[in-house]
2 protein chains.
Amino acid sequence: MTVPAIRINEERLHDDLVALGEIGWDPAHGLARTTFSRAHSAAREWLLERARAAGLQARVDSAANHSAVLPGPPGSRTVLMGSHLDSVPSGGRYDGALGVVCALEVLRTVQDADLRLPVSLEAIDFTDEEGTLVGTLGSWALAGVLTAEILARPRSGRERLLSELSRVGLSEDGLRAARRDPGTLAAYVELHIEQGPVLEREGVDIGVVTGIRGNMSFEVTLTGAARHAGTTPLNARRDAGRGAVLAAKAVGDVTAGEFPECVANVGDVQLEPGAFNVVPGRARVMFECRSVDRDELDRLAARILDRVRAVADDCRLDAEIRRVGHWAPATTNPDVRSAIERAAEDLGLSSMEMPSGAGHDAQVLADVVPAGMVFVPSVGGVSHDPSEHTQFTDCVNGANVLLGTALALARDHTFA
Amino acid sequence: MTVPAIRINEERLHDDLVALGEIGWDPAHGLARTTFSRAHSAAREWLLERARAAGLQARVDSAANHSAVLPGPPGSRTVLMGSHLDSVPSGGRYDGALGVVCALEVLRTVQDADLRLPVSLEAIDFTDEEGTLVGTLGSWALAGVLTAEILARPRSGRERLLSELSRVGLSEDGLRAARRDPGTLAAYVELHIEQGPVLEREGVDIGVVTGIRGNMSFEVTLTGAARHAGTTPLNARRDAGRGAVLAAKAVGDVTAGEFPECVANVGDVQLEPGAFNVVPGRARVMFECRSVDRDELDRLAARILDRVRAVADDCRLDAEIRRVGHWAPATTNPDVRSAIERAAEDLGLSSMEMPSGAGHDAQVLADVVPAGMVFVPSVGGVSHDPSEHTQFTDCVNGANVLLGTALALARDHTFA
């Protein structure tokens with residue numbers, strides 16, 4: 001089968017990005033489409049309407065994953081494409097949304113060209129990727145790896161999770177029932193903005209994601225003794241604030257000094273009682289660390305926690321360490337990577353292999369199905385911010401690479 | 001004039017401490033008598049009632065300073081004693097209150113003994129020492145050093161200050177009108193708990209305060225760029241959180257390493273937006289530093305701020321530095337110190353000279369009148385906490401030293 005030189009419809013893609021970008025947009029705070037918010041539901045309804053308007057099937061599973069489907073022959077496997085329509089509280093228009101809209105556009109383009117592929121194509125919007133409630137909830141459900149542990153201690157707290165599920169008519173049983181037999185899936189391909197500065201800096205059109213950094217996050221609580229800051233000599237203090245500062249410093253020092261391929265971040269520090277004249281009696285340090293390699297991630301986390309415990313000892317503080325989140329690193333499939341690279345080459349676009357620093361639904365899917373990711377440049381590397389932007393040319397490039405990749409995977413599938 | 005061997009009434013002192021300690025006490029949160037709260041007003045009313053019940057004059061000035069007065073001969077100068085009845089939000093029963101109750105007890109004891117002193121004695125409760133609104137507001141008003149700058153940028157914010165003043169029937173003009181001519185004051189003596197561990201550690205009964213550490217407090221705001229923590233390489237970040245951590249570390253390092261006689265405290269650190277996966281784009285560090293010496297305090301603050309600016313440069317952050325508060329160091333009067341030392345000696349109590357790390361009304365009064373401070377031990381050095389405690393024996397010792405000091409100052413006054 002020769003791949004026909006078809007291209008996505010730029011005008012339609014443009015109109016869709018503009019229309020979708022208005023749903024939940026507030027000029028002052030950017031995009032607010034947190035999971036199951038009114039704007040989030042409106043965006044998902046919009047997706048189903050666009051699918052139906054194009055003559056595609058619209059589908060919602062029992063984890064509230066929303067899909068547009070272009071069916072192949074009876075019993076055929078599915079090339080799944082997509083991302084997510086939810087956003088962080090004050091996010092941008094491209095994170096997640098671009099991958100869903102481009103996947104939809106691929107389906108419409110194939111349908112317009114009247115290609116009869118030996119596979120089904122599906123454009124999916126996964127539930128709660130950003131973690132208003134759990135994080136990658138929909139993809140965990142679809143991959144069938146949603147454990148009791150994950151549901152017992154979700155990011156939002158268990159009470160809020162249950163109340164939100166109930167409010168929108170979902171249940172834990174339903175989440176588990178959303179599992180799809182991996183044998184029915186040929187591949188998963190996710191187009192996403194890079195959310196970092198590398199492609200822009202290197203002047204490269206397309207990123208071919210080699211692996212997705214795993215992520216462990218921790219909350220460290222240090223307890224000392226709140227004392228009057230004027231009357232208590234420095235050497236008589238059990239200063240939880242000093243401990244927090246040294247522990248936070250160690251997170252960066254260990255990562256930069258011993259794990260140059262990894263990243264880490266101290267996202268928050270809280271001191272109590274938080275007054276100028278009181279030596280902090282309690283402090284919290286919230287940090288995460290990431291690596292593309294499972295062993296390296298374990299070593300990095302262990303090394304940081306060793307240093308944190310040593311700081312606590314030095315400062316005569318009690319330390320309580322709680323692991324908050326854990327996403328295992330994932331490796332993308334070499335065949336899918338090759339398909340992406342060839343698709344870019346066929347379009348005359350430059351590409352480079354790169355890891356993904358951010359977590360994605362593809363990270364979850366990669367465990368059960370051949371998966372790959374296409375990155376397009378983020379202007380200034382900005383993401384999770386209202387000013388997040390990707391040039392429209394890059395959106396078109398990404399959509400055409402996704403199309404070419406899907407067609408190649410469909411073809412390979414035939415020969416498989 | 002021979003000083004008669006009179007002693008304060010222990011039972012009356014005990015009953016007063018118990019009764020006053022109930023006003024605003026909550027077993028869960030300790031003492032809540034913030035300025036102009038209902039409990040604070042109740043405590044001040046209680047003081048006036050106790051004064052009237054003892055046949056003393058009750059007086060409230062236009063800064064809401066509350067006093068009990070035992071008048072001397074017409075035109076005589078006043079030996080002023082006291083402290084404050086307001087508390088931090090979740091404080092203890094002794095900070096401030098002990099000094100007011102003991103001063104009241106001194107007046108009653110002198111009256112009971114029917115001593116005719118050549119001075120007036122006054123037990124004063126200063127308004128807002130702890131700084132719910134301004135800090136040492138009442139003593140600044142009485143000393144006549146309340147500047148427009150202080151009132152323009154109070155700790156509580158100007159709006160809250162004006163609304164609270166208006167609510168309790170005070171005004172800025174009234175505050176200024178509360179100034180007392182220093183020529184009418186013979187001395188100011190303040191009994192206070194140490195709020196630190198030194199007397200207890202040294203096994204000494206009475207602290208004779210040599211000077212009161214001055215205090216400068218600063219809010220440093222660092223601005224970088226909020227970025228995705230997974231996708232932004234460490235060396236591409238402008239991490240305001242990292243800057244805050246290094247700046248906070250410098251506060252302690254400079255003080256411990258270069259100014260061993262001084263103290264400093266990082267009271268609060270705030271990172272924005274405060275999420276695990278976002279590199280902080282903005283951070284605030286709130287710190288204070290203290291010295292008993294004006295020049296040293298200036299040098300300490302300047303040296304810390306130099307390091308903070310260097311950190312900001314290294315981390316490519318913008319730094320905005322705001323001075324929040326400033327209390328100049330104060331030196332107590334040598335004659336008052338001698339009077340305290342002799343009074344302790346006459347009672348067979350051990351005493352030692354020591355600086356005060358905490359700020360006090362005496363710090364303000366020392367600029368305009370001969371002033372001194374008597375410290376009694378704090379159990380475990382704890383203060384500004386519900387568990388703050390001073391053994392009753394030490395309260396009695398302190399009250400008797402205050403009595404002996406007042407009588408000595410009255411006698412010296414006669415000979416002056």
# chains A, B, ... in the order shown; residues from 1 in each chain; ligands from 1
>>> residues_around(residues="Arg303 in chain B", least_positions_apart="4", cutoff="12 Å", atoms="only C-alpha atoms", output="VMD selection string")
chain B and resid 247 250 to 255 257 to 259 289 296 to 299 307 to 310
>>> residues_around(residues="Asp318 in chain B", least_positions_apart="4", cutoff="10 Å", atoms="only C-alpha atoms", output="PyMOL selection string")
chain B and resi 221-224+238+240+243+282+309+312-313
>>> residues_around(residues="Ala256 in chain A", least_positions_apart="4", cutoff="12 Å", atoms="only C-alpha atoms", output="list in words")
Lys249, Ala250, Val251, Gly252, Pro260, Glu261, Cys262, Val263, Ala264, Asn265, Cys289, Leu300 and Ile304 of chain A; Pro233, Leu234 and Asn235 of chain B
>>> atom_distance(atom1="CA of Val396 in chain A", atom2="CA of Ser90 in chain A")
25.3 Å
>>> closest_residue(among="A:Ser156, A:Thr331, A:Thr393, A:Thr184", to="Pro355 in chain A", atoms="only C-alpha atoms")
A:Thr331
>>> interface_residues(of="chain A", to="chain B", cutoff="7 Å", atoms="only C-alpha atoms", output="ChimeraX atom specification")
/A:195-197,227-234,241,245,248-249,263,265-271,274-280,286-288,290,356-358,382-384
>>> write_last_selection(atoms="C-alpha atoms", output="PDB file, in the first residue's frame")
ATOM      1  CA  GLN A 195       6.360  22.394  27.256  1.00  0.00           C
ATOM      2  CA  GLY A 196      10.081  23.091  27.330  1.00  0.00           C
ATOM      3  CA  PRO A 197      12.604  25.202  25.414  1.00  0.00           C
ATOM      4  CA  ARG A 227      10.765  29.827  70.064  1.00  0.00           C
ATOM      5  CA  HIS A 228      11.114  33.563  70.431  1.00  0.00           C
ATOM      6  CA  ALA A 229      13.530  34.672  67.735  1.00  0.00           C
ATOM      7  CA  GLY A 230      15.025  37.470  69.783  1.00  0.00           C
ATOM      8  CA  THR A 231      15.703  35.596  72.992  1.00  0.00           C
ATOM      9  CA  THR A 232      16.738  32.144  71.806  1.00  0.00           C
ATOM     10  CA  PRO A 233      20.457  31.834  70.961  1.00  0.00           C
ATOM     11  CA  LEU A 234      21.131  30.335  67.515  1.00  0.00           C
ATOM     12  CA  GLY A 241      12.815  26.657  59.002  1.00  0.00           C
ATOM     13  CA  VAL A 245      16.005  25.551  53.800  1.00  0.00           C
ATOM     14  CA  ALA A 248      15.388  22.202  49.940  1.00  0.00           C
ATOM     15  CA  LYS A 249      18.918  23.176  48.992  1.00  0.00           C
ATOM     16  CA  VAL A 263      15.518  17.171  37.086  1.00  0.00           C
ATOM     17  CA  ASN A 265      11.924  20.823  41.837  1.00  0.00           C
ATOM     18  CA  VAL A 266      11.111  22.220  45.239  1.00  0.00           C
ATOM     19  CA  GLY A 267       7.569  23.326  44.514  1.00  0.00           C
ATOM     20  CA  ASP A 268       6.609  24.616  47.927  1.00  0.00           C
ATOM     21  CA  VAL A 269       7.984  25.395  51.367  1.00  0.00           C
ATOM     22  CA  GLN A 270       5.742  26.246  54.305  1.00  0.00           C
ATOM     23  CA  LEU A 271       6.940  27.500  57.683  1.00  0.00           C
ATOM     24  CA  GLY A 274       5.222  32.108  59.852  1.00  0.00           C
ATOM     25  CA  ALA A 275       6.005  35.205  61.933  1.00  0.00           C
ATOM     26  CA  PHE A 276       9.149  37.335  61.768  1.00  0.00           C
ATOM     27  CA  ASN A 277       9.879  36.929  65.452  1.00  0.00           C
ATOM     28  CA  VAL A 278       9.155  33.243  65.958  1.00  0.00           C
ATOM     29  CA  VAL A 279      11.680  30.535  65.127  1.00  0.00           C
ATOM     30  CA  PRO A 280       9.637  28.133  62.946  1.00  0.00           C
ATOM     31  CA  MET A 286       7.284  19.658  48.842  1.00  0.00           C
ATOM     32  CA  PHE A 287       9.524  18.398  46.088  1.00  0.00           C
ATOM     33  CA  GLU A 288       9.555  16.080  43.104  1.00  0.00           C
ATOM     34  CA  ARG A 290      12.260  12.902  37.628  1.00  0.00           C
ATOM     35  CA  SER A 356       9.730  14.077  27.747  1.00  0.00           C
ATOM     36  CA  GLY A 357      10.196  15.806  31.063  1.00  0.00           C
ATOM     37  CA  ALA A 358       6.479  16.106  31.665  1.00  0.00           C
ATOM     38  CA  VAL A 382       6.323  28.206  28.507  1.00  0.00           C
ATOM     39  CA  SER A 383       3.574  25.869  29.661  1.00  0.00           C
ATOM     40  CA  HIS A 384       0.991  25.587  32.446  1.00  0.00           C
TER      41      HIS A 384
END
>>> residues_around(residues="Val220 in chain B", least_positions_apart="5", cutoff="7 Å", atoms="only C-alpha atoms", output="PyMOL selection string")
chain B and resi 284-286+319-322
>>> closest_residue(among="B:Thr127, B:Trp327, B:Val368, B:Met81", to="Val292 in chain B", atoms="only C-alpha atoms")
B:Trp327
>>> select_by_dssp(residues="range 7-105 of chain B", states="strand (DSSP E or B)", output="PyMOL selection string")
chain B and resi 25-26+30-31+57-60+66-70+78-83+91
>>> write_last_selection(atoms="C-alpha atoms", output="CSV table (one decimal), in the first residue's frame")
chain,number,residue,atom,x,y,z
B,25,TRP,CA,-7.5,31.8,77.8
B,26,ASP,CA,-8.6,28.9,75.7
B,30,GLY,CA,-3.6,29.4,74.9
B,31,LEU,CA,-4.0,33.1,75.5
B,57,GLN,CA,-6.3,56.1,90.9
B,58,ALA,CA,-7.3,54.6,87.6
B,59,ARG,CA,-6.2,56.4,84.5
B,60,VAL,CA,-6.5,55.9,80.7
B,66,HIS,CA,-4.2,52.0,81.2
B,67,SER,CA,-2.6,52.9,84.6
B,68,ALA,CA,-3.0,52.6,88.3
B,69,VAL,CA,-1.5,55.5,90.1
B,70,LEU,CA,-0.4,56.0,93.7
B,78,THR,CA,6.7,59.6,88.6
B,79,VAL,CA,8.5,56.2,88.9
B,80,LEU,CA,6.7,54.4,86.1
B,81,MET,CA,6.5,50.6,86.2
B,82,GLY,CA,4.7,48.2,83.9
B,83,SER,CA,4.5,46.3,80.7
B,91,GLY,CA,0.4,33.2,73.6
>>> closest_residue(among="A:Ile124, A:Ala339, A:Leu165, A:Leu199", to="Val376 in chain A", atoms="only C-alpha atoms")
A:Leu199
>>> atom_distance(atom1="CA of Glu164 in chain B", atom2="CA of Glu45 in chain B")
18.2 Å
>>> residues_around(residues="Ala177 in chain A", least_positions_apart="2", cutoff="9 Å", atoms="only C-alpha atoms", output="count of residues only")
12
>>> residues_around(residues="His40 in chain B", least_positions_apart="6", cutoff="9 Å", atoms="only C-alpha atoms", output="JSON, numbers by chain")
{"B": [23, 24, 32, 33, 34, 85, 86, 87]}
>>> select_by_dssp(residues="range 94-208 of chain B", states="alpha helix (DSSP H)", output="PyMOL selection string")
chain B and resi 97-112+137-143+148-152+158-167+172-177+198-202
>>> closest_residue(among="B:Gly281, B:Pro154, B:Gly99, B:Gly92", to="Met373 in chain B", atoms="only C-alpha atoms")
B:Gly99
